[in-house]
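*Asks:* File follows, start39.cif with mmCIF, C-alpha atoms and all ligand atoms:
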```
data_model
loop_
_atom_site.label_atom_id
_atom_site.label_comp_id
_atom_site.auth_asym_id
_atom_site.auth_seq_id
_atom_site.Cartn_x
_atom_site.Cartn_y
_atom_site.Cartn_z
CA MET V 592 261.77 187.30 283.61
CA ALA V 593 263.90 185.47 286.11
CA PHE V 594 260.76 183.88 287.49
CA LEU V 595 259.76 182.72 284.03
CA GLU V 596 263.21 181.24 283.49
CA LYS V 597 262.99 179.37 286.77
CA ALA V 598 259.55 178.03 285.90
CA CYS V 599 260.81 176.87 282.51
CA LYS V 600 263.78 175.13 284.09
CA LYS V 601 261.45 173.36 286.50
CA ALA V 602 259.30 172.21 283.61
CA PHE V 603 262.35 170.61 281.97
CA GLY V 604 261.90 167.70 284.32
CA LYS V 605 258.52 166.95 282.78
CA ALA V 606 259.20 167.51 279.09
CA LEU V 607 262.65 168.03 277.67
CA TRP V 608 262.73 168.27 273.91
CA VAL V 609 266.15 167.73 272.54
CA TYR V 610 267.82 168.55 269.27
CA HIS V 611 270.74 166.37 268.32
CA ALA V 612 273.67 168.11 266.63
CA ASN V 613 276.48 166.09 265.12
CA ALA V 614 279.59 168.25 265.10
CA GLY V 615 281.93 165.83 263.39
CA ALA V 616 281.28 162.71 265.44
CA CYS V 617 282.28 159.29 264.13
CA ASN V 618 278.66 158.14 264.55
CA GLY V 619 279.43 156.05 267.64
CA CYS V 620 277.90 158.60 269.97
CA ASP V 621 274.99 159.25 267.61
CA ILE V 622 274.06 155.60 267.66
CA GLU V 623 274.14 155.57 271.45
CA VAL V 624 271.94 158.66 271.61
CA ILE V 625 269.41 156.95 269.34
CA ASN V 626 269.75 153.87 271.56
CA VAL V 627 268.67 155.90 274.57
CA LEU V 628 265.44 156.78 272.77
CA THR V 629 264.52 153.16 272.00
CA PRO V 630 261.86 151.41 274.11
CA TYR V 631 264.55 149.43 275.95
CA TYR V 632 266.21 152.48 277.55
CA ASP V 633 263.13 154.64 276.99
CA ALA V 634 264.16 158.22 277.63
CA GLU V 635 260.55 159.17 276.90
CA ARG V 636 259.83 158.16 280.48
CA PHE V 637 261.34 161.52 281.38
CA GLY V 638 259.42 163.35 278.68
CA ILE V 639 262.45 163.46 276.41
CA LYS V 640 261.65 163.70 272.75
CA LEU V 641 263.87 164.21 269.74
CA VAL V 642 262.73 167.16 267.63
CA GLY V 643 263.68 168.10 264.12
CA SER V 644 264.30 171.81 264.56
CA PRO V 645 266.43 173.71 267.07
CA ARG V 646 263.59 176.23 267.43
CA HIS V 647 261.43 173.57 269.08
CA ALA V 648 264.16 172.34 271.41
CA ASP V 649 264.85 172.89 275.11
CA ALA V 650 268.18 171.10 275.02
CA VAL V 651 270.89 170.49 272.49
CA VAL V 652 272.86 167.27 272.46
CA VAL V 653 276.24 167.82 270.83
CA SER V 654 278.49 164.97 269.76
CA GLY V 655 281.81 165.21 268.00
CA PRO V 656 284.95 167.31 268.40
CA VAL V 657 283.56 170.31 266.45
CA THR V 658 285.30 170.52 263.12
CA ARG V 659 286.26 173.89 261.71
CA GLN V 660 283.52 173.84 259.09
CA VAL V 661 280.79 173.01 261.55
CA ALA V 662 281.75 175.53 264.25
CA PRO V 663 279.93 178.57 262.77
CA ALA V 664 276.88 176.42 262.08
CA LEU V 665 276.91 175.16 265.65
CA ARG V 666 277.07 178.71 266.95
CA ARG V 667 274.12 179.72 264.75
CA LEU V 668 272.22 176.63 265.78
CA LEU V 669 272.51 177.51 269.44
CA GLU V 670 271.26 181.03 268.77
CA ALA V 671 268.10 179.49 267.34
CA VAL V 672 267.36 177.56 270.53
CA PRO V 673 265.12 179.59 272.84
CA LYS V 674 266.44 180.35 276.32
CA PRO V 675 266.59 178.88 278.91
CA ARG V 676 268.31 175.95 277.30
CA LEU V 677 270.58 173.09 278.25
CA VAL V 678 273.58 171.93 276.29
CA PHE V 679 274.85 168.38 276.68
CA ALA V 680 278.25 167.35 275.39
CA ILE V 681 278.04 163.63 274.61
CA GLY V 682 281.22 161.61 274.28
CA SER V 683 284.86 162.29 274.84
CA CYS V 684 285.02 164.17 271.55
CA ALA V 685 282.45 166.74 272.57
CA CYS V 686 283.83 166.90 276.12
CA GLY V 687 287.41 167.63 275.18
CA GLY V 688 288.19 166.67 271.62
CA GLY V 689 288.89 162.97 272.11
CA ALA V 690 291.89 161.61 270.28
CA TRP V 691 291.68 164.56 267.89
CA PHE V 692 291.95 167.28 270.48
CA ASP V 693 294.97 168.94 268.84
CA SER V 694 294.24 168.09 265.24
CA TYR V 695 294.44 170.94 262.72
CA ASN V 696 290.85 170.60 261.58
CA VAL V 697 288.99 170.41 264.90
CA LEU V 698 288.48 172.96 267.63
CA GLY V 699 288.71 170.33 270.37
CA GLY V 700 285.39 170.05 272.14
CA ALA V 701 281.99 171.67 272.20
CA ASP V 702 282.86 174.00 275.08
CA LYS V 703 285.40 175.81 272.92
CA VAL V 704 282.51 177.09 270.81
CA ILE V 705 279.36 177.12 272.90
CA PRO V 706 278.71 177.07 276.66
CA VAL V 707 278.17 173.47 277.80
CA ASP V 708 276.04 172.63 280.84
CA PHE V 709 276.59 168.91 281.18
CA TYR V 710 279.43 166.66 280.08
CA VAL V 711 278.97 162.94 279.46
CA PRO V 712 282.41 161.43 278.82
CA GLY V 713 282.81 158.05 277.16
CA CYS V 714 283.85 156.79 273.76
CA PRO V 715 281.07 156.21 273.13
CA PRO V 716 279.30 156.56 276.49
CA ARG V 717 277.05 153.66 277.38
CA PRO V 718 273.38 154.44 276.86
CA GLU V 719 273.12 154.15 280.64
CA ALA V 720 275.80 156.83 280.98
CA ILE V 721 273.81 159.18 278.76
CA LEU V 722 270.66 158.42 280.76
CA TYR V 723 272.66 159.13 283.89
CA GLY V 724 273.73 162.49 282.48
CA VAL V 725 270.14 163.39 281.70
CA ALA V 726 269.02 162.23 285.13
CA LEU V 727 271.79 164.39 286.63
CA ALA V 728 270.49 167.38 284.71
CA LEU V 729 266.97 166.69 285.94
CA GLY V 730 268.23 166.36 289.50
CA LEU V 731 267.30 162.67 289.90
CA VAL V 732 270.77 161.34 290.76
CA PRO V 733 273.81 162.73 292.60
CA LYS V 734 277.09 163.57 290.91
CA GLN V 735 279.77 160.92 291.35
CA VAL V 736 283.01 162.41 290.05
CA ALA V 737 285.17 165.20 291.40
CA GLU V 738 288.60 166.63 290.78
CA GLU V 739 291.21 164.29 292.25
CA HIS V 740 294.53 165.25 293.75
CA LEU V 741 296.60 162.22 294.62
CA THR V 742 299.92 162.17 296.42
CA GLN V 743 302.23 159.39 297.38
CA GLU V 744 303.23 158.42 300.86
CA SER V 745 305.79 160.72 302.39
CA LEU V 746 309.16 159.50 303.60
CA ASP V 747 307.88 159.47 307.19
CA GLN V 748 304.97 157.26 306.25
CA LEU V 749 307.37 155.01 304.40
CA ALA V 750 309.53 154.76 307.51
CA GLU V 751 306.50 153.60 309.45
CA GLY V 752 306.03 150.68 307.14
CA GLY V 753 304.28 152.30 304.25
CA ILE V 754 302.69 150.31 301.53
CA LEU V 755 303.97 146.93 302.67
CA GLN V 756 302.23 147.28 305.99
CA LYS V 757 299.13 148.58 304.31
CA GLU V 758 299.00 145.59 302.02
CA ALA V 759 299.57 143.17 304.88
CA HIS V 760 296.67 144.68 306.75
CA GLY V 761 294.41 145.21 303.80
CA MET H 82 244.11 142.21 258.66
CA LEU H 83 242.34 142.38 261.98
CA THR H 84 243.69 139.05 263.15
CA ALA H 85 247.22 140.17 262.27
CA LYS H 86 246.76 143.27 264.44
CA LEU H 87 245.29 141.19 267.22
CA ARG H 88 248.20 138.78 267.04
CA GLU H 89 250.64 141.69 267.22
CA ALA H 90 248.82 143.09 270.22
CA LEU H 91 249.00 139.69 271.88
CA ILE H 92 252.74 139.45 271.27
CA CYS H 93 253.28 142.88 272.80
CA PHE H 94 251.05 141.98 275.72
CA ARG H 95 252.86 138.74 276.39
CA ALA H 96 256.31 140.36 276.28
CA GLY H 97 255.52 142.24 279.47
CA ARG H 98 257.73 145.09 280.53
CA VAL H 99 260.95 145.35 278.55
CA THR H 100 262.14 148.82 279.59
CA LEU H 101 265.24 148.92 281.76
CA PRO H 102 264.52 150.49 285.16
CA TYR H 103 267.83 152.40 285.01
CA PRO H 104 268.58 155.01 286.51
CA PHE H 105 266.26 153.99 289.36
CA ALA H 106 267.89 150.58 289.63
CA PRO H 107 271.58 149.91 288.96
CA HIS H 108 272.60 148.19 285.75
CA ASP H 109 276.19 147.00 285.90
CA PRO H 110 278.24 146.72 282.75
CA ALA H 111 279.43 143.36 281.45
CA PRO H 112 282.77 142.09 282.78
CA GLY H 113 285.65 143.49 280.77
CA PHE H 114 283.96 146.85 280.36
CA ARG H 115 286.47 149.69 280.44
CA GLY H 116 285.26 152.63 282.46
CA LYS H 117 286.96 155.59 284.08
CA ILE H 118 290.67 155.15 284.82
CA THR H 119 291.68 154.87 288.45
CA LEU H 120 295.10 155.37 289.93
CA ASP H 121 296.96 153.75 292.77
CA PRO H 122 299.31 156.59 293.71
CA ASP H 123 301.68 154.41 295.72
CA ARG H 124 302.40 152.08 292.83
CA CYS H 125 303.27 154.71 290.23
CA PHE H 126 306.95 155.52 289.87
CA GLY H 127 306.66 158.19 287.23
CA CYS H 128 308.13 156.39 284.23
CA GLY H 129 305.75 158.15 281.85
CA GLY H 130 305.06 155.01 279.83
CA CYS H 131 301.34 155.65 280.01
CA ALA H 132 301.78 159.17 278.65
CA ASN H 133 303.85 157.78 275.81
CA VAL H 134 301.16 155.46 274.49
CA CYS H 135 297.99 157.41 275.23
CA PRO H 136 296.39 158.17 271.86
CA ALA H 137 294.35 161.04 273.24
CA GLY H 138 297.19 162.79 275.02
CA VAL H 139 295.27 162.50 278.29
CA ILE H 140 298.36 162.21 280.43
CA GLN H 141 300.79 165.08 280.77
CA VAL H 142 304.02 164.59 282.64
CA ARG H 143 306.01 167.50 283.93
CA ASP H 144 308.71 167.86 286.53
CA ALA H 145 307.91 170.36 289.24
CA GLY H 146 311.47 170.63 290.45
CA GLN H 147 313.97 167.85 290.92
CA LEU H 148 312.05 165.90 293.53
CA LEU H 149 308.54 165.95 292.24
CA ARG H 150 307.00 164.72 289.01
CA VAL H 151 303.42 165.68 288.31
CA LEU H 152 301.15 163.53 286.16
CA GLU H 153 298.03 165.28 285.05
CA PHE H 154 295.19 163.21 283.64
CA GLN H 155 292.77 165.29 281.56
CA TRP H 156 290.42 162.34 281.24
CA ARG H 157 287.64 164.36 279.70
CA ARG H 158 289.09 163.24 276.37
CA CYS H 159 290.01 159.67 277.36
CA THR H 160 288.97 157.18 274.71
CA TYR H 161 288.89 154.23 277.15
CA CYS H 162 291.24 152.21 274.98
CA GLY H 163 293.03 150.67 277.96
CA ARG H 164 296.53 151.16 276.55
CA CYS H 165 297.78 152.89 279.70
CA GLU H 166 296.63 149.98 281.84
CA GLU H 167 298.34 147.59 279.47
CA VAL H 168 301.74 149.24 279.50
CA CYS H 169 301.96 150.32 283.14
CA PRO H 170 304.68 148.09 284.58
CA GLU H 171 303.40 148.48 288.13
CA GLN H 172 299.66 148.21 287.51
CA ALA H 173 299.22 151.70 288.91
CA ILE H 174 296.45 152.40 286.41
CA THR H 175 293.36 150.24 286.24
CA MET H 176 290.22 150.69 284.22
CA SER H 177 287.32 150.69 286.66
CA GLN H 178 283.78 149.73 285.79
CA GLN H 179 282.53 153.20 286.58
CA PHE H 180 280.59 154.73 283.75
CA GLU H 181 278.45 157.21 285.69
CA THR H 182 280.88 160.04 285.09
CA ALA H 183 278.57 162.76 283.81
CA THR H 184 279.25 166.11 285.41
CA ASP H 185 278.41 169.77 285.09
CA ARG H 186 281.95 171.05 285.72
CA GLY H 187 284.78 170.60 283.29
CA ASP H 188 287.33 170.63 286.10
CA ASP H 189 285.82 167.48 287.59
CA MET H 190 287.43 165.50 284.80
CA VAL H 191 290.98 166.06 285.99
CA MET H 192 293.22 163.83 288.10
CA ARG H 193 296.55 165.04 289.36
CA LEU H 194 299.15 162.68 290.76
CA GLU H 195 302.34 163.80 292.44
CA VAL H 196 305.18 161.31 292.35
CA PHE H 197 308.23 161.65 294.55
CA MET H 198 311.43 161.34 292.59
CA GLY H 199 315.06 161.30 293.59
CA PRO H 200 317.67 163.11 291.53
CA CYS H 201 320.86 161.26 290.68
CA GLN H 202 323.81 162.73 292.53
CA ARG H 203 325.91 162.63 289.41
CA CYS H 204 323.76 163.65 286.49
CA GLY H 205 320.86 165.30 288.30
CA ARG H 206 318.18 163.40 286.45
CA CYS H 207 315.15 162.04 288.21
CA TYR H 208 314.90 158.45 289.14
CA THR H 209 312.36 156.57 291.20
CA PRO H 210 311.66 157.20 294.87
CA PRO H 211 314.07 158.20 297.47
CA THR H 212 316.69 155.50 297.16
CA PRO H 213 316.77 152.32 295.09
CA LEU H 214 316.61 150.37 298.31
CA ASP H 215 313.37 152.07 299.30
CA ARG H 216 312.07 151.38 295.89
CA MET H 217 312.74 147.64 296.22
CA ASP H 218 311.13 147.73 299.59
CA ARG H 219 308.02 149.17 298.15
CA THR H 220 307.48 146.99 295.15
CA GLY H 221 308.89 143.85 296.69
CA PHE H 222 310.42 141.04 294.72
CA ARG H 223 308.30 139.00 292.45
CA THR H 224 307.62 135.44 293.48
CA SER H 225 307.55 132.67 290.92
CA ASP H 226 303.78 132.90 290.46
CA GLY H 227 304.05 136.60 289.65
CA GLY H 228 302.88 137.78 293.05
CA ARG H 229 304.65 140.20 295.32
CA SER H 230 306.57 139.11 298.35
S1 LIG D 801 283.57 160.11 271.57
FE1 LIG D 801 284.27 158.25 270.51
S2 LIG D 801 282.35 157.34 269.74
FE2 LIG D 801 281.88 159.46 270.26
S3 LIG D 801 282.16 160.60 268.35
FE3 LIG D 801 284.11 160.68 269.45
S4 LIG D 801 285.32 158.96 268.66
FE4 LIG D 801 283.17 158.62 268.09
S1 LIG D 802 292.51 154.56 278.37
FE1 LIG D 802 293.58 155.15 276.47
S2 LIG D 802 292.91 157.27 276.10
FE2 LIG D 802 292.39 156.81 278.23
S3 LIG D 802 294.15 157.53 279.43
FE3 LIG D 802 294.52 155.35 278.99
S4 LIG D 802 295.75 155.33 277.11
FE4 LIG D 802 294.82 157.39 277.28
S1 LIG D 803 301.07 155.16 285.91
FE1 LIG D 803 302.38 153.40 285.37
S2 LIG D 803 303.05 153.82 283.24
FE2 LIG D 803 302.23 155.76 284.07
S3 LIG D 803 304.04 156.84 284.92
FE3 LIG D 803 303.13 155.67 286.62
S4 LIG D 803 304.22 153.71 286.61
FE4 LIG D 803 304.65 154.67 284.61
#
```
Show the structure stored in the file as structure tokens.
*Replies:*
Amino acid sequence: MAFLEKACKKAFGKALWVYHANAGACNGCDIEVINVLTPYYDAERFGIKLVGSPRHADAVVVSGPVTRQVAPALRRLLEAVPKPRLVFAIGSCACGGGAWFDSYNVLGGADKVIPVDFYVPGCPPRPEAILYGVALALGLVPKQVAEEHLTQESLDQLAEGGILQKEAHG
Amino acid sequence: MLTAKLREALICFRAGRVTLPYPFAPHDPAPGFRGKITLDPDRCFGCGGCANVCPAGVIQVRDAGQLLRVLEFQWRRCTYCGRCEEVCPEQAITMSQQFETATDRGDDMVMRLEVFMGPCQRCGRCYTPPTPLDRMDRTGFRTSDGGRS
């Protein structure tokens, strides 16, 4: 079974059929997703095809902050997608709720309801950013962001000249 | 009918290749594009103005004791409006052109900045780094053309 799952995952790189679920998006992200499928950006190069039923899909593309009404439907939708499957959260809304993250009528992001494999932040993300997310999932490009912990110069560094020196040199 | 089809075929043939080679070749956004926020830690003095205007509540400010203020940027829900860049008095926040921010870990979309603060000897409230003199040293005085001395 594990072998079969691995083989399926490998085949994703050749033909990834996606189902697009709008979970309360403002349509900005939906338009960009459609943009990615046009001949100009041409996601079909990677074998990506939009399908009309979750039962035919290998991946689900979720946009929107997941409103309360749509949450049970989204859960049921994911159950209909055969495993192994990928879930993409497209846009800041699906990644973390966007500007509505604490609104009474949204749950604040797709990962509050269903497990998400790849996040594509942006409001809306550029079509290139979505393509990048897909390419990341297919292992074609390296990841570029990481958690950042920034600190200021300590007093000792300040005593040695600190930022003024740095600016003079830089 | 046939000639119309032939003409259409000719048009498509003449157009050549229109598909963008991205992601195999870079495709930079137009100037003015607002991408992921970047921070210059040494410029920030913890005023919290950015947190005040952020429509998505990306920026959380909390004081970890009297000497340290922690700014946490949960930029997974950033709407790229650029308000924080606009209001920051020290230009500590800038919108970069980076759009390739897709990730498979939710925690990758967090930035944490620790700002040194000094408590007032009288009221105990935080103010900007160690002493006001240090502070002036660090930001410098503005010259007439808006630059820093
Ligand atoms: S991320 Fe922005 S563009 Fe996308 S659905 Fe949310 S508000 Fe609309
Ligand atoms: S760009 Fe807008 S949404 Fe993003 S952190 Fe700045 S103020 Fe908040
Ligand atoms: S980033 Fe700018 S606006 Fe935000 S707390 Fe620091 S100095 Fe103030």
*Asks:* To one decimal place, how far is CA of Ile140 (chain H) from CA of Gly127 (chain H) in Å?
*Replies:*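 Pair CA of Ile140 (chain H) / CA of Gly127 (chain H) returns 11.5 Å.
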*Asks:* Kindly indicate which residue among V:Leu698, V:Val657, V:Ile721, V:Ala648 lies nearest to Ile681 (chain V), using all atoms listed in the file for the distances.
*Replies:*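 Using all atoms listed in the file, Ile681 (chain V) sits closest to V:Ile721.
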*Asks:* Show me which residues are within 8 Å of ligand LIG 803 (chain D) counting only C-alpha atoms and all ligand atoms, and format the list as a VMD selection string.
*Replies:* chain H and resid 120 124 to 132 152 165 to 166 168 to 174
*Asks:* Need the axis-aligned box for ligand LIG 801 (chain D) with 8 Å each side, so what are the centre and edges in Å to one decimal, as lines of an AutoDock Vina configuration file?
*Replies:*
```
center_x = 283.6
center_y = 159.0
center_z = 269.8
size_x = 19.4
size_y = 19.3
size_z = 19.5
```
*Asks:* As a short mmCIF file (atom, residue, chain, number, x, y, z; two decimals) with C-alpha atoms, in the frame of the given file, please: the residues near Gly699 (chain V) (cut-off 12 Å, all atoms listed in the file, same-chain neighbours under 6 positions excluded).
*Replies:*
```cif
data_model
loop_
_atom_site.label_atom_id
_atom_site.label_comp_id
_atom_site.auth_asym_id
_atom_site.auth_seq_id
_atom_site.Cartn_x
_atom_site.Cartn_y
_atom_site.Cartn_z
CA ALA V 614 279.59 168.25 265.10
CA GLY V 615 281.93 165.83 263.39
CA ALA V 616 281.28 162.71 265.44
CA SER V 654 278.49 164.97 269.76
CA GLY V 655 281.81 165.21 268.00
CA PRO V 656 284.95 167.31 268.40
CA VAL V 657 283.56 170.31 266.45
CA THR V 658 285.30 170.52 263.12
CA ARG V 659 286.26 173.89 261.71
CA ALA V 662 281.75 175.53 264.25
CA ALA V 680 278.25 167.35 275.39
CA SER V 683 284.86 162.29 274.84
CA CYS V 684 285.02 164.17 271.55
CA ALA V 685 282.45 166.74 272.57
CA CYS V 686 283.83 166.90 276.12
CA GLY V 687 287.41 167.63 275.18
CA GLY V 688 288.19 166.67 271.62
CA GLY V 689 288.89 162.97 272.11
CA ALA V 690 291.89 161.61 270.28
CA TRP V 691 291.68 164.56 267.89
CA PHE V 692 291.95 167.28 270.48
CA ASP V 693 294.97 168.94 268.84
CA ILE V 705 279.36 177.12 272.90
CA ALA H 137 294.35 161.04 273.24
CA ARG H 157 287.64 164.36 279.70
CA ARG H 158 289.09 163.24 276.37
#
```
*Asks:* Which residue out of H:Val191, H:Tyr161, H:Ser177, H:Pro104 has the minimum interatomic distance to ligand LIG 801 (chain D) when all atoms listed in the file are used?
*Replies:*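 Between H:Val191, H:Tyr161, H:Ser177, H:Pro104, the residue approaching ligand LIG 801 (chain D) most closely is H:Tyr161.
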*Asks:* In Å, rounded to a single decimal, give me how far CA of Val725 (chain V) is from CA of Ile639 (chain V).
*Replies:* 9.3 Å
*Asks:* Name the residues in contact with Met176 (chain H) at a cut-off of 6 Å, using only C-alpha atoms, excluding same-chain residues fewer than 2 positions from it; report them as a ChimeraX atom specification.
*Replies:* /H:115-118
*Asks:* Have a look at CA of Phe603 (chain V) and CA of Val711 (chain V) and let me know their distance in Å, one decimal.
*Replies:*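 The value is 18.5 Å.
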*Asks:* Can you complete the atoms of region 126-136 of chain H to all heavy atoms and list them as a PDB file, in the coordinates of the input?
*Replies:*
```
ATOM      1  N   PHE H 126     305.617 155.007 289.629  1.00  0.00           N
ATOM      2  CA  PHE H 126     306.950 155.520 289.870  1.00  0.00           C
ATOM      3  C   PHE H 126     307.369 156.506 288.784  1.00  0.00           C
ATOM      4  O   PHE H 126     308.541 156.764 288.575  1.00  0.00           O
ATOM      5  CB  PHE H 126     307.965 154.399 290.057  1.00  0.00           C
ATOM      6  CG  PHE H 126     308.178 153.543 288.839  1.00  0.00           C
ATOM      7  CD1 PHE H 126     309.308 153.721 288.068  1.00  0.00           C
ATOM      8  CD2 PHE H 126     307.273 152.577 288.499  1.00  0.00           C
ATOM      9  CE1 PHE H 126     309.512 152.934 286.940  1.00  0.00           C
ATOM     10  CE2 PHE H 126     307.474 151.791 287.375  1.00  0.00           C
ATOM     11  CZ  PHE H 126     308.600 151.968 286.594  1.00  0.00           C
ATOM     12  N   GLY H 127     306.383 157.061 288.089  1.00  0.00           N
ATOM     13  CA  GLY H 127     306.660 158.190 287.230  1.00  0.00           C
ATOM     14  C   GLY H 127     307.447 157.898 285.981  1.00  0.00           C
ATOM     15  O   GLY H 127     308.179 158.754 285.502  1.00  0.00           O
ATOM     16  N   CYS H 128     307.331 156.706 285.411  1.00  0.00           N
ATOM     17  CA  CYS H 128     308.130 156.390 284.230  1.00  0.00           C
ATOM     18  C   CYS H 128     307.603 157.098 282.989  1.00  0.00           C
ATOM     19  O   CYS H 128     308.337 157.331 282.039  1.00  0.00           O
ATOM     20  CB  CYS H 128     308.152 154.888 283.991  1.00  0.00           C
ATOM     21  SG  CYS H 128     306.553 154.201 283.549  1.00  0.00           S
ATOM     22  N   GLY H 129     306.316 157.434 282.997  1.00  0.00           N
ATOM     23  CA  GLY H 129     305.750 158.150 281.850  1.00  0.00           C
ATOM     24  C   GLY H 129     305.385 157.244 280.697  1.00  0.00           C
ATOM     25  O   GLY H 129     305.061 157.726 279.618  1.00  0.00           O
ATOM     26  N   GLY H 130     305.419 155.932 280.905  1.00  0.00           N
ATOM     27  CA  GLY H 130     305.060 155.010 279.830  1.00  0.00           C
ATOM     28  C   GLY H 130     303.625 155.192 279.382  1.00  0.00           C
ATOM     29  O   GLY H 130     303.325 155.117 278.190  1.00  0.00           O
ATOM     30  N   CYS H 131     302.756 155.465 280.338  1.00  0.00           N
ATOM     31  CA  CYS H 131     301.340 155.650 280.010  1.00  0.00           C
ATOM     32  C   CYS H 131     301.163 156.873 279.114  1.00  0.00           C
ATOM     33  O   CYS H 131     300.411 156.839 278.147  1.00  0.00           O
ATOM     34  CB  CYS H 131     300.519 155.775 281.274  1.00  0.00           C
ATOM     35  SG  CYS H 131     301.197 156.929 282.474  1.00  0.00           S
ATOM     36  N   ALA H 132     301.905 157.942 279.443  1.00  0.00           N
ATOM     37  CA  ALA H 132     301.780 159.170 278.650  1.00  0.00           C
ATOM     38  C   ALA H 132     302.288 158.938 277.236  1.00  0.00           C
ATOM     39  O   ALA H 132     301.803 159.548 276.282  1.00  0.00           O
ATOM     40  CB  ALA H 132     302.555 160.297 279.311  1.00  0.00           C
ATOM     41  N   ASN H 133     303.241 158.049 277.108  1.00  0.00           N
ATOM     42  CA  ASN H 133     303.850 157.780 275.810  1.00  0.00           C
ATOM     43  C   ASN H 133     302.876 157.098 274.851  1.00  0.00           C
ATOM     44  O   ASN H 133     302.901 157.356 273.652  1.00  0.00           O
ATOM     45  CB  ASN H 133     305.086 156.896 276.030  1.00  0.00           C
ATOM     46  CG  ASN H 133     305.953 156.826 274.808  1.00  0.00           C
ATOM     47  OD1 ASN H 133     305.946 157.744 274.000  1.00  0.00           O
ATOM     48  ND2 ASN H 133     306.678 155.748 274.672  1.00  0.00           N
ATOM     49  N   VAL H 134     302.022 156.228 275.385  1.00  0.00           N
ATOM     50  CA  VAL H 134     301.160 155.460 274.490  1.00  0.00           C
ATOM     51  C   VAL H 134     299.749 156.030 274.362  1.00  0.00           C
ATOM     52  O   VAL H 134     299.014 155.628 273.473  1.00  0.00           O
ATOM     53  CB  VAL H 134     301.032 153.989 274.947  1.00  0.00           C
ATOM     54  CG1 VAL H 134     302.373 153.297 274.856  1.00  0.00           C
ATOM     55  CG2 VAL H 134     300.465 153.890 276.345  1.00  0.00           C
ATOM     56  N   CYS H 135     299.373 156.939 275.225  1.00  0.00           N
ATOM     57  CA  CYS H 135     297.990 157.410 275.230  1.00  0.00           C
ATOM     58  C   CYS H 135     297.655 158.104 273.918  1.00  0.00           C
ATOM     59  O   CYS H 135     298.275 159.107 273.565  1.00  0.00           O
ATOM     60  CB  CYS H 135     297.764 158.369 276.390  1.00  0.00           C
ATOM     61  SG  CYS H 135     296.088 159.001 276.398  1.00  0.00           S
ATOM     62  N   PRO H 136     296.687 157.570 273.155  1.00  0.00           N
ATOM     63  CA  PRO H 136     296.390 158.170 271.860  1.00  0.00           C
ATOM     64  C   PRO H 136     295.719 159.528 271.975  1.00  0.00           C
ATOM     65  O   PRO H 136     295.762 160.317 271.031  1.00  0.00           O
ATOM     66  CB  PRO H 136     295.474 157.145 271.191  1.00  0.00           C
ATOM     67  CG  PRO H 136     294.861 156.416 272.314  1.00  0.00           C
ATOM     68  CD  PRO H 136     295.860 156.393 273.420  1.00  0.00           C
TER      69      PRO H 136
END
```
